[in-house]
>>> print(open('my_file27.pdb').read())   # PDB, C-alpha atoms
MODEL        1
ATOM      1  CA  MET L 104      44.369 -54.385-203.883
ATOM      2  CA  ALA L 105      46.690 -56.897-205.555
ATOM      3  CA  ALA L 106      46.914 -58.896-202.322
ATOM      4  CA  LEU L 107      43.125 -58.862-202.013
ATOM      5  CA  LEU L 108      42.701 -60.150-205.561
ATOM      6  CA  ALA L 109      45.391 -62.779-205.016
ATOM      7  CA  SER L 110      43.669 -64.091-201.906
ATOM      8  CA  ALA L 111      40.232 -64.094-203.558
ATOM      9  CA  PRO L 112      38.999 -67.421-204.874
ATOM     10  CA  ALA L 113      39.174 -67.941-208.628
ATOM     11  CA  LEU L 114      35.831 -67.505-210.346
ATOM     12  CA  PRO L 115      34.664 -70.719-212.034
ATOM     13  CA  LEU L 116      33.855 -69.134-215.384
ATOM     14  CA  ASP L 117      32.760 -72.304-217.136
ATOM     15  CA  GLU L 118      29.352 -72.914-218.709
ATOM     16  CA  ALA L 119      27.600 -71.053-215.871
ATOM     17  CA  GLY L 120      29.876 -68.041-216.235
ATOM     18  CA  LYS L 121      28.233 -66.788-219.408
ATOM     19  CA  TYR L 122      24.777 -66.868-217.801
ATOM     20  CA  VAL L 123      25.932 -65.006-214.693
ATOM     21  CA  ALA L 124      27.817 -62.495-216.824
ATOM     22  CA  GLY L 125      24.758 -62.112-219.071
ATOM     23  CA  ALA L 126      22.459 -61.365-216.122
ATOM     24  CA  TYR L 127      24.780 -58.745-214.616
ATOM     25  CA  VAL L 128      25.501 -57.166-218.017
ATOM     26  CA  VAL L 129      21.758 -56.865-218.749
ATOM     27  CA  PHE L 130      21.286 -55.066-215.434
ATOM     28  CA  LEU L 131      24.236 -52.771-216.127
ATOM     29  CA  VAL L 132      23.002 -51.966-219.637
ATOM     30  CA  LEU L 133      19.512 -51.111-218.342
ATOM     31  CA  VAL L 134      20.926 -48.731-215.732
ATOM     32  CA  VAL L 135      23.333 -47.115-218.227
ATOM     33  CA  VAL L 136      20.557 -46.623-220.818
ATOM     34  CA  TYR L 137      18.309 -45.068-218.180
ATOM     35  CA  VAL L 138      21.070 -42.718-216.981
ATOM     36  CA  ALA L 139      21.868 -41.771-220.604
ATOM     37  CA  ILE L 140      18.210 -40.890-221.241
ATOM     38  CA  MET L 141      18.143 -38.802-218.054
ATOM     39  CA  ALA L 142      21.380 -37.070-219.074
ATOM     40  CA  ALA L 143      19.893 -36.197-222.480
ATOM     41  CA  LYS L 144      16.811 -34.818-220.748
ATOM     42  CA  LEU L 145      18.896 -32.670-218.398
ATOM     43  CA  GLN L 146      20.967 -31.399-221.324
ATOM     44  CA  ARG L 147      17.761 -30.307-223.079
ATOM     45  CA  ILE L 148      16.576 -28.514-219.928
ATOM     46  CA  GLU L 149      19.939 -26.769-219.597
ATOM     47  CA  ARG L 150      19.866 -25.685-223.265
ATOM     48  CA  GLU L 151      16.322 -24.322-222.997
ATOM     49  CA  LEU L 152      17.215 -22.532-219.765
ATOM     50  CA  ARG L 153      20.182 -20.894-221.486
ATOM     51  CA  GLU L 154      17.959 -19.761-224.374
ATOM     52  CA  LEU L 155      15.369 -18.383-221.958
ATOM     53  CA  ALA L 156      18.037 -16.515-220.013
ATOM     54  CA  GLY L 157      19.244 -14.963-223.284
ATOM     55  CA  PHE L 158      15.691 -14.047-224.194
ATOM     56  CA  ALA L 159      15.084 -12.448-220.787
ATOM     57  CA  GLU L 160      18.301 -10.434-221.021
ATOM     58  CA  THR L 161      17.400  -9.240-224.548
ATOM     59  CA  ARG L 162      13.957  -8.170-223.341
ATOM     60  CA  ALA L 163      15.367  -6.377-220.314
ATOM     61  CA  ILE L 164      17.790  -4.447-222.521
ATOM     62  CA  SER L 165      15.051  -3.500-225.006
ATOM     63  CA  ASP L 166      12.787  -2.404-222.108
ATOM     64  CA  GLN L 167      15.528  -0.138-220.776
ATOM     65  CA  ALA L 168      16.232   1.308-224.213
ATOM     66  CA  ALA L 169      12.569   2.060-225.038
ATOM     67  CA  PRO L 170      10.388   2.126-221.888
ATOM     68  CA  GLY L 171       7.172   2.928-223.780
ATOM     69  CA  ARG L 172       7.360  -0.033-226.235
ATOM     70  CA  GLU L 173       6.388  -3.005-224.071
ATOM     71  CA  GLY L 174       3.595  -3.953-226.507
ATOM     72  CA  GLU L 175       6.050  -4.353-229.383
ATOM     73  CA  GLU L 176       8.450  -6.744-227.672
ATOM     74  CA  PRO L 177       9.035 -10.073-229.382
ATOM     75  CA  SER L 178       7.254 -13.159-228.102
ATOM     76  CA  ILE L 179       9.099 -16.330-227.091
ATOM     77  CA  PRO L 180      10.144 -18.358-230.132
ATOM     78  CA  ASP L 181       7.892 -21.289-231.025
ATOM     79  CA  SER L 182      10.571 -23.763-230.031
ATOM     80  CA  LEU L 183      10.388 -22.432-226.477
ATOM     81  CA  ALA L 184       6.621 -22.108-226.204
ATOM     82  CA  PRO L 185       5.084 -24.103-223.307
ATOM     83  CA  HIS L 186       3.483 -26.553-225.711
ATOM     84  CA  GLY L 187       6.514 -26.741-228.011
ATOM     85  CA  SER L 188       8.978 -29.237-226.639
ATOM     86  CA  GLY L 189       6.543 -31.575-224.925
ATOM     87  CA  GLY L 190       9.048 -32.300-222.184
ATOM     88  CA  GLY L 191       8.270 -33.234-218.647
ATOM     89  CA  GLY L 192       6.145 -36.312-219.162
ATOM     90  CA  ILE L 193       3.571 -35.697-216.483
TER      91      ILE L 193
ATOM     92  CA  MET E 102      14.253 -29.070-203.979
ATOM     93  CA  TYR E 103      14.613 -32.714-205.008
ATOM     94  CA  GLY E 104      18.269 -32.319-205.903
ATOM     95  CA  LYS E 105      19.331 -31.653-202.311
ATOM     96  CA  GLY E 106      21.656 -34.368-201.064
ATOM     97  CA  LEU E 107      21.539 -36.183-204.390
ATOM     98  CA  ARG E 108      25.310 -36.123-204.815
ATOM     99  CA  ASN E 109      25.940 -37.836-201.468
ATOM    100  CA  LEU E 110      23.165 -40.333-202.171
ATOM    101  CA  SER E 111      24.710 -41.163-205.554
ATOM    102  CA  ILE E 112      28.133 -41.708-203.993
ATOM    103  CA  ALA E 113      26.604 -43.946-201.302
ATOM    104  CA  THR E 114      24.783 -45.940-203.987
ATOM    105  CA  VAL E 115      27.919 -46.501-206.073
ATOM    106  CA  ALA E 116      29.843 -47.533-202.940
ATOM    107  CA  ALA E 117      27.075 -49.916-201.858
ATOM    108  CA  LEU E 118      26.942 -51.482-205.333
ATOM    109  CA  ALA E 119      30.725 -51.928-205.368
ATOM    110  CA  VAL E 120      30.716 -53.551-201.918
ATOM    111  CA  SER E 121      27.807 -55.841-202.765
ATOM    112  CA  LEU E 122      29.411 -56.979-206.049
ATOM    113  CA  SER E 123      32.667 -57.692-204.203
ATOM    114  CA  LEU E 124      30.789 -59.754-201.625
ATOM    115  CA  VAL E 125      28.881 -61.628-204.332
ATOM    116  CA  PHE E 126      31.932 -62.693-206.314
ATOM    117  CA  PHE E 127      34.711 -62.868-203.699
ATOM    118  CA  TYR E 128      33.052 -63.590-200.343
ATOM    119  CA  ALA E 129      29.833 -65.570-200.697
ATOM    120  CA  PRO E 130      30.508 -69.304-201.044
ATOM    121  CA  LEU E 131      29.395 -71.293-204.058
ATOM    122  CA  ASP E 132      26.023 -72.914-203.682
ATOM    123  CA  ALA E 133      26.357 -76.672-203.198
ATOM    124  CA  ASP E 134      23.397 -77.408-205.456
ATOM    125  CA  GLN E 135      23.538 -74.798-208.239
ATOM    126  CA  GLY E 136      27.174 -73.739-208.153
ATOM    127  CA  PHE E 137      28.213 -70.472-209.810
ATOM    128  CA  VAL E 138      24.809 -69.876-211.434
ATOM    129  CA  GLN E 139      23.391 -69.118-207.988
ATOM    130  CA  LYS E 140      25.261 -65.761-208.092
ATOM    131  CA  ILE E 141      22.315 -64.479-210.160
ATOM    132  CA  PHE E 142      20.252 -64.845-206.981
ATOM    133  CA  TYR E 143      22.007 -61.799-205.454
ATOM    134  CA  LEU E 144      20.825 -59.646-208.346
ATOM    135  CA  HIS E 145      17.500 -61.171-209.335
ATOM    136  CA  VAL E 146      15.870 -61.457-205.885
ATOM    137  CA  PRO E 147      16.765 -57.947-204.596
ATOM    138  CA  LEU E 148      15.588 -56.483-207.903
ATOM    139  CA  SER E 149      12.241 -58.270-207.606
ATOM    140  CA  ILE E 150      11.790 -57.263-203.942
ATOM    141  CA  VAL E 151      12.623 -53.621-204.693
ATOM    142  CA  ALA E 152      10.398 -53.574-207.799
ATOM    143  CA  LEU E 153       7.406 -54.996-205.923
ATOM    144  CA  ALA E 154       8.024 -52.673-202.956
ATOM    145  CA  GLY E 155       8.236 -49.760-205.418
ATOM    146  CA  PHE E 156       4.815 -50.629-206.814
ATOM    147  CA  VAL E 157       3.374 -50.586-203.272
ATOM    148  CA  ILE E 158       5.165 -47.307-202.493
ATOM    149  CA  GLY E 159       3.642 -45.858-205.688
ATOM    150  CA  GLY E 160       0.237 -46.800-204.288
ATOM    151  CA  VAL E 161       1.018 -45.105-200.955
ATOM    152  CA  PHE E 162       2.014 -41.896-202.776
ATOM    153  CA  ALA E 163      -1.219 -42.154-204.763
ATOM    154  CA  ILE E 164      -3.193 -42.265-201.494
ATOM    155  CA  LEU E 165      -1.359 -39.118-200.355
ATOM    156  CA  HIS E 166      -2.238 -37.471-203.669
ATOM    157  CA  LEU E 167      -5.927 -38.280-203.405
ATOM    158  CA  ARG E 168      -6.012 -37.123-199.774
ATOM    159  CA  SER E 169      -4.145 -33.853-200.295
ATOM    160  CA  GLY E 170      -4.714 -33.071-203.972
ATOM    161  CA  GLU E 171      -1.051 -32.003-204.272
ATOM    162  CA  ALA E 172       0.484 -32.684-207.684
ATOM    163  CA  ARG E 173       3.875 -33.572-206.196
ATOM    164  CA  TRP E 174       2.486 -36.801-204.706
ATOM    165  CA  ASP E 175       1.157 -37.752-208.122
ATOM    166  CA  ALA E 176       4.654 -37.157-209.520
ATOM    167  CA  HIS E 177       6.137 -39.313-206.731
ATOM    168  CA  SER E 178       3.651 -42.078-207.521
ATOM    169  CA  TYR E 179       4.340 -41.903-211.259
ATOM    170  CA  VAL E 180       8.117 -41.973-210.851
ATOM    171  CA  SER E 181       7.987 -44.828-208.310
ATOM    172  CA  ILE E 182       5.927 -46.945-210.685
ATOM    173  CA  HIS E 183       8.076 -45.946-213.653
ATOM    174  CA  LEU E 184      11.309 -47.032-211.965
ATOM    175  CA  SER E 185       9.693 -50.222-210.678
ATOM    176  CA  VAL E 186       8.586 -51.132-214.212
ATOM    177  CA  ILE E 187      12.196 -50.680-215.388
ATOM    178  CA  PHE E 188      13.405 -52.836-212.498
ATOM    179  CA  GLY E 189      10.649 -55.294-213.448
ATOM    180  CA  VAL E 190      12.155 -55.621-216.926
ATOM    181  CA  ALA E 191      15.488 -56.467-215.278
ATOM    182  CA  VAL E 192      13.759 -59.029-213.015
ATOM    183  CA  LEU E 193      12.145 -60.794-215.980
ATOM    184  CA  ILE E 194      15.349 -60.890-218.039
ATOM    185  CA  THR E 195      17.659 -61.987-215.196
ATOM    186  CA  GLY E 196      15.059 -64.539-214.086
ATOM    187  CA  SER E 197      14.860 -65.963-217.597
ATOM    188  CA  ILE E 198      18.642 -66.246-217.786
ATOM    189  CA  TRP E 199      18.725 -68.011-214.422
ATOM    190  CA  ALA E 200      15.903 -70.321-215.497
ATOM    191  CA  LYS E 201      17.765 -71.252-218.679
ATOM    192  CA  ALA E 202      20.969 -71.963-216.779
ATOM    193  CA  SER E 203      19.281 -73.845-213.956
ATOM    194  CA  TRP E 204      16.241 -75.542-215.515
ATOM    195  CA  GLY E 205      17.172 -75.561-219.196
ATOM    196  CA  HIS E 206      14.195 -73.381-220.212
ATOM    197  CA  TRP E 207      13.931 -69.616-220.621
ATOM    198  CA  TRP E 208      10.403 -69.629-219.202
ATOM    199  CA  VAL E 209       8.179 -72.136-217.369
ATOM    200  CA  TRP E 210       4.498 -71.344-217.787
ATOM    201  CA  ASP E 211       3.195 -73.622-215.009
ATOM    202  CA  GLU E 212       5.382 -71.963-212.373
ATOM    203  CA  PRO E 213       3.231 -69.594-210.232
ATOM    204  CA  THR E 214       6.098 -67.308-209.161
ATOM    205  CA  LEU E 215       7.126 -66.486-212.718
ATOM    206  CA  VAL E 216       3.641 -66.100-214.138
ATOM    207  CA  SER E 217       2.391 -64.009-211.203
ATOM    208  CA  PHE E 218       5.277 -61.564-211.574
ATOM    209  CA  LEU E 219       4.586 -61.358-215.305
ATOM    210  CA  ILE E 220       0.922 -60.575-214.543
ATOM    211  CA  VAL E 221       1.935 -57.808-212.121
ATOM    212  CA  PHE E 222       4.411 -56.422-214.668
ATOM    213  CA  LEU E 223       1.878 -56.441-217.509
ATOM    214  CA  MET E 224      -0.709 -54.820-215.243
ATOM    215  CA  TYR E 225       1.672 -51.943-214.548
ATOM    216  CA  ALA E 226       2.627 -51.783-218.230
ATOM    217  CA  THR E 227      -0.981 -50.681-218.857
ATOM    218  CA  TYR E 228      -0.459 -47.757-216.459
ATOM    219  CA  TYR E 229       1.136 -45.604-219.175
ATOM    220  CA  PRO E 230      -1.533 -45.895-221.922
ATOM    221  CA  PHE E 231      -4.208 -45.627-219.238
ATOM    222  CA  ARG E 232      -2.687 -42.458-217.851
ATOM    223  CA  TYR E 233      -1.912 -40.722-221.122
ATOM    224  CA  ALA E 234      -5.261 -41.591-222.689
ATOM    225  CA  ILE E 235      -6.731 -38.882-220.432
ATOM    226  CA  GLU E 236      -6.007 -35.349-221.601
ATOM    227  CA  ASP E 237      -7.252 -33.336-218.640
ATOM    228  CA  ARG E 238      -4.320 -33.143-216.185
ATOM    229  CA  ASP E 239      -6.389 -33.263-212.987
ATOM    230  CA  ARG E 240      -8.488 -36.201-214.143
ATOM    231  CA  GLN E 241      -5.358 -37.931-215.411
ATOM    232  CA  ALA E 242      -3.694 -37.613-212.006
ATOM    233  CA  ARG E 243      -6.808 -38.740-210.115
ATOM    234  CA  TYR E 244      -7.483 -41.785-212.302
ATOM    235  CA  ALA E 245      -3.803 -42.756-212.273
ATOM    236  CA  SER E 246      -3.828 -42.550-208.475
ATOM    237  CA  VAL E 247      -6.865 -44.828-208.254
ATOM    238  CA  PHE E 248      -5.098 -47.277-210.567
ATOM    239  CA  ALA E 249      -1.895 -47.104-208.484
ATOM    240  CA  ILE E 250      -3.794 -47.772-205.245
ATOM    241  CA  ALA E 251      -5.762 -50.735-206.653
ATOM    242  CA  ALA E 252      -2.699 -52.245-208.324
ATOM    243  CA  GLY E 253      -0.540 -51.561-205.261
ATOM    244  CA  ALA E 254      -3.019 -53.466-203.083
ATOM    245  CA  PHE E 255      -2.963 -56.337-205.581
ATOM    246  CA  VAL E 256       0.818 -56.780-205.291
ATOM    247  CA  PRO E 257       1.010 -58.108-201.682
ATOM    248  CA  LEU E 258      -2.158 -60.185-202.176
ATOM    249  CA  ASN E 259      -0.590 -61.723-205.259
ATOM    250  CA  PHE E 260       2.649 -62.356-203.369
ATOM    251  CA  ILE E 261       0.831 -64.137-200.528
ATOM    252  CA  ALA E 262      -1.168 -66.238-202.969
ATOM    253  CA  VAL E 263       1.992 -67.363-204.721
ATOM    254  CA  ARG E 264       3.725 -68.196-201.437
ATOM    255  CA  LEU E 265       0.776 -70.397-200.529
ATOM    256  CA  ALA E 266       0.964 -72.202-203.863
ATOM    257  CA  GLN E 267       2.719 -75.561-203.854
ATOM    258  CA  SER E 268       5.386 -75.102-206.471
ATOM    259  CA  LEU E 269       8.013 -77.776-207.115
ATOM    260  CA  VAL E 270      10.296 -75.794-209.403
ATOM    261  CA  HIS E 271      11.003 -72.276-208.141
ATOM    262  CA  PRO E 272      13.178 -72.369-204.992
ATOM    263  CA  ARG E 273      11.908 -71.044-201.664
ATOM    264  CA  VAL E 274      14.846 -69.677-199.708
ATOM    265  CA  PHE E 275      13.341 -67.489-197.006
ATOM    266  CA  ALA E 276      11.058 -68.620-194.195
ATOM    267  CA  THR E 277      11.123 -72.272-195.130
ATOM    268  CA  ALA E 278      10.905 -75.041-192.549
ATOM    269  CA  ASP E 279      14.126 -76.711-193.693
ATOM    270  CA  GLY E 280      16.351 -73.705-193.112
ATOM    271  CA  GLY E 281      17.295 -70.551-194.947
ATOM    272  CA  LEU E 282      20.565 -69.062-196.139
ATOM    273  CA  PRO E 283      23.856 -69.540-194.285
ATOM    274  CA  GLY E 284      25.278 -66.425-192.620
ATOM    275  CA  SER E 285      27.739 -65.418-195.346
ATOM    276  CA  MET E 286      25.120 -65.774-198.067
ATOM    277  CA  MET E 287      22.557 -63.857-195.997
ATOM    278  CA  LEU E 288      25.040 -61.025-195.403
ATOM    279  CA  THR E 289      25.783 -60.837-199.126
ATOM    280  CA  PHE E 290      22.096 -60.901-199.951
ATOM    281  CA  LEU E 291      21.308 -58.084-197.478
ATOM    282  CA  ALA E 292      24.186 -55.994-198.888
ATOM    283  CA  SER E 293      22.799 -56.537-202.409
ATOM    284  CA  LEU E 294      19.288 -55.660-201.255
ATOM    285  CA  LEU E 295      20.563 -52.451-199.671
ATOM    286  CA  ALA E 296      22.523 -51.530-202.810
ATOM    287  CA  ILE E 297      19.603 -52.170-205.169
ATOM    288  CA  GLY E 298      17.259 -50.313-202.811
ATOM    289  CA  LEU E 299      19.613 -47.340-202.730
ATOM    290  CA  LEU E 300      19.846 -47.437-206.531
ATOM    291  CA  TRP E 301      16.049 -47.295-206.785
ATOM    292  CA  VAL E 302      15.846 -44.341-204.366
ATOM    293  CA  THR E 303      18.643 -42.505-206.195
ATOM    294  CA  LEU E 304      17.071 -42.966-209.622
ATOM    295  CA  VAL E 305      13.666 -41.887-208.275
ATOM    296  CA  ARG E 306      15.277 -38.735-206.866
ATOM    297  CA  PHE E 307      17.082 -38.109-210.181
ATOM    298  CA  GLU E 308      13.877 -38.367-212.173
ATOM    299  CA  LEU E 309      11.912 -36.220-209.715
ATOM    300  CA  THR E 310      14.658 -33.581-209.918
ATOM    301  CA  ALA E 311      14.527 -33.616-213.718
ATOM    302  CA  LYS E 312      10.722 -33.366-213.691
ATOM    303  CA  SER E 313      10.816 -30.535-211.173
ATOM    304  CA  ALA E 314      13.361 -28.630-213.291
ATOM    305  CA  SER E 315      11.277 -29.224-216.409
ATOM    306  CA  GLY E 316       8.146 -27.952-214.633
ATOM    307  CA  GLN E 317       9.959 -24.844-213.378
ATOM    308  CA  LEU E 318      11.167 -24.217-216.918
ATOM    309  CA  LYS E 319       7.619 -24.346-218.258
ATOM    310  CA  ARG E 320       6.501 -21.858-215.608
ATOM    311  CA  LEU E 321       9.374 -19.574-216.546
ATOM    312  CA  ARG E 322       8.432 -19.764-220.229
ATOM    313  CA  ARG E 323       4.824 -18.869-219.459
ATOM    314  CA  ALA E 324       5.872 -16.013-217.180
ATOM    315  CA  LEU E 325       8.344 -14.599-219.704
ATOM    316  CA  ASP E 326       5.788 -14.812-222.481
ATOM    317  CA  ALA E 327       3.440 -12.522-220.502
ATOM    318  CA  PRO E 328       3.894  -8.928-221.778
ATOM    319  CA  ALA E 329       3.389  -7.208-218.415
ATOM    320  CA  PRO E 330       6.504  -5.234-217.389
ATOM    321  CA  GLY E 331       8.123  -6.146-214.068
ATOM    322  CA  ASP E 332       7.305  -9.854-214.393
ATOM    323  CA  ALA E 333      10.957 -10.850-214.407
ATOM    324  CA  SER E 334      11.450  -9.901-210.771
ATOM    325  CA  ARG E 335       8.228 -11.683-209.772
ATOM    326  CA  ILE E 336       9.196 -15.017-211.261
ATOM    327  CA  ALA E 337      12.792 -15.022-210.043
ATOM    328  CA  PRO E 338      12.184 -16.871-206.734
ATOM    329  CA  GLU E 339      10.365 -19.682-208.527
ATOM    330  CA  VAL E 340      13.341 -20.393-210.728
ATOM    331  CA  GLY E 341      15.796 -20.401-207.870
TER     332      GLY E 341
ENDMDL
END
>>> encode(input="my_file27.pdb", output="structure tokens")
Amino acid sequence: MAALLASAPALPLDEAGKYVAGAYVVFLVLVVVYVAIMAAKLQRIERELRELAGFAETRAISDQAAPGREGEEPSIPDSLAPHGSGGGGI
Amino acid sequence: MYGKGLRNLSIATVAALAVSLSLVFFYAPLDADQGFVQKIFYLHVPLSIVALAGFVIGGVFAILHLRSGEARWDAHSYVSIHLSVIFGVAVLITGSIWAKASWGHWWVWDEPTLVSFLIVFLMYATYYPFRYAIEDRDRQARYASVFAIAAGAFVPLNFIAVRLAQSLVHPRVFATADGGLPGSMMLTFLASLLAIGLLWVTLVRFELTAKSASGQLKRLRRALDAPAPGDASRIAPEVG
């Protein structure tokens, strides 16, 4: 790697260097921001999935404990209702 | 479903980007006319090609949606256009930086190439308010598909019109009578085009995967909210 860098031509980072660096940095920032937004979205999905799994387990346990009480089981919390989070976009 | 092979695709994209950046800065020779500023070419031009191709691909997916009525093609069309708009932002900013370095101005209004791309970008920027102004999901998808097809057909027509225009400012590198790029520059450009294209495909797959997971989650919520006993076993395959 050191030999490769040593044999590579020196970059002429004069007046033009800041423009080239600016263009590539803008591109990098856009990609990083997009990936960060996607990561936040996936984290939210994971959190909601964990909550739903907990809810399903609680309901299964309560169904086993009292088979005749299906009508009294708790509904999904408002924060998990299909219209609640507004995720998904389309 | 969409997440299959995404890890390998991501690794290939990172590798392709690393190789293309190495070629840009350590292999491709300096341009005799523009010097070091010309390195922006290897980012700006592939981004614009991929963005415009993405708009056309969004139109093709929209045709598939209208023909089949399947929501997944509408999602493909939406995500293709969405990523191409983001790439379009990068094209406009990198182009402005190159223009400032090369011509001394951030923007030149009488240059057909710049203005035509801005028109295409602004046209697709209206896709979002147009789409989300319609509440009914089926109508929203249908109208958005019609928009994507009409706008997608406009992109190549616009490109041809600009190529026919006699511009004295914006360089014409490909398919010109007085020669194109030398071999080393062409190789670097093709590597950059491949890397940017792979990045677009990877990000489209990422967003489709996230949307698919979000949709499955909504279905799970609805199914779990139903009081009928035995529903849990029925919905299990959909989650997996």
>>> resolve_selection(input="my_file27.pdb", expression="the PyMOL selection byres ((chain E and resi 257) around 12)", output="VMD selection string")
chain E and resid 150 153 to 158 160 217 to 218 221 250 to 256 258 to 264
>>> closest_atom_pairs(input="my_file27.pdb", of="chain E", to="chain L", cutoff="8 Å", atoms="only C-alpha atoms", output="CSV")
residue,atom,partner,partner_atom,distance
E:Phe126,CA,L:Leu114,CA,7.4
E:Phe127,CA,L:Ala111,CA,5.7
E:Tyr128,CA,L:Ala111,CA,7.9
E:Phe137,CA,L:Ala119,CA,6.1
E:Val138,CA,L:Ala119,CA,5.4
E:Lys140,CA,L:Val123,CA,6.7
E:Ile141,CA,L:Val123,CA,5.8
E:Leu144,CA,L:Tyr127,CA,7.5
E:Ala176,CA,L:Ile193,CA,7.2
E:Ile187,CA,L:Leu133,CA,7.9
E:Ala191,CA,L:Phe130,CA,6.0
E:Ile194,CA,L:Ala126,CA,7.4
E:Thr195,CA,L:Ala126,CA,4.9
E:Ile198,CA,L:Tyr122,CA,6.2
E:Trp199,CA,L:Tyr122,CA,7.0
E:Ala202,CA,L:Tyr122,CA,6.4
E:Phe307,CA,L:Met141,CA,8.0
E:Glu308,CA,L:Met141,CA,7.3
E:Ala311,CA,L:Leu145,CA,6.5
E:Lys312,CA,L:Gly191,CA,5.5
E:Ala314,CA,L:Ile148,CA,7.4
E:Ser315,CA,L:Gly191,CA,5.5
E:Gly316,CA,L:Gly191,CA,6.6
E:Leu318,CA,L:Leu152,CA,6.9
E:Lys319,CA,L:Pro185,CA,5.7
E:Arg322,CA,L:Pro185,CA,6.3
E:Arg323,CA,L:Pro185,CA,6.5
E:Leu325,CA,L:Ala159,CA,7.2
E:Asp326,CA,L:Ile179,CA,5.9
E:Pro328,CA,L:Glu173,CA,6.8
E:Ala329,CA,L:Glu173,CA,7.7
E:Pro330,CA,L:Glu173,CA,7.0
E:Ala333,CA,L:Ala159,CA,7.8
>>> atom_distance(input="my_file27.pdb", atom1="CA of Ala163 in chain E", atom2="CA of His177 in chain E")
8.1 Å
>>> atom_distance(input="my_file27.pdb", atom1="CA of Arg240 in chain E", atom2="CA of His166 in chain E")
12.3 Å
>>> atom_distance(input="my_file27.pdb", atom1="CA of Gly284 in chain E", atom2="CA of Gln139 in chain E")
15.7 Å
>>> resolve_selection(input="my_file27.pdb", expression="the PyMOL selection byres ((chain E and resi 286) around 10)", output="number ranges by chain")
E: 124-125, 128-132, 143, 281-285, 287-292
>>> closest_residue(input="my_file27.pdb", among="E:Gly106, E:Gly170, E:Pro230, E:Gly298", to="Ser185 in chain E", atoms="all atoms listed in the file")
E:Gly298
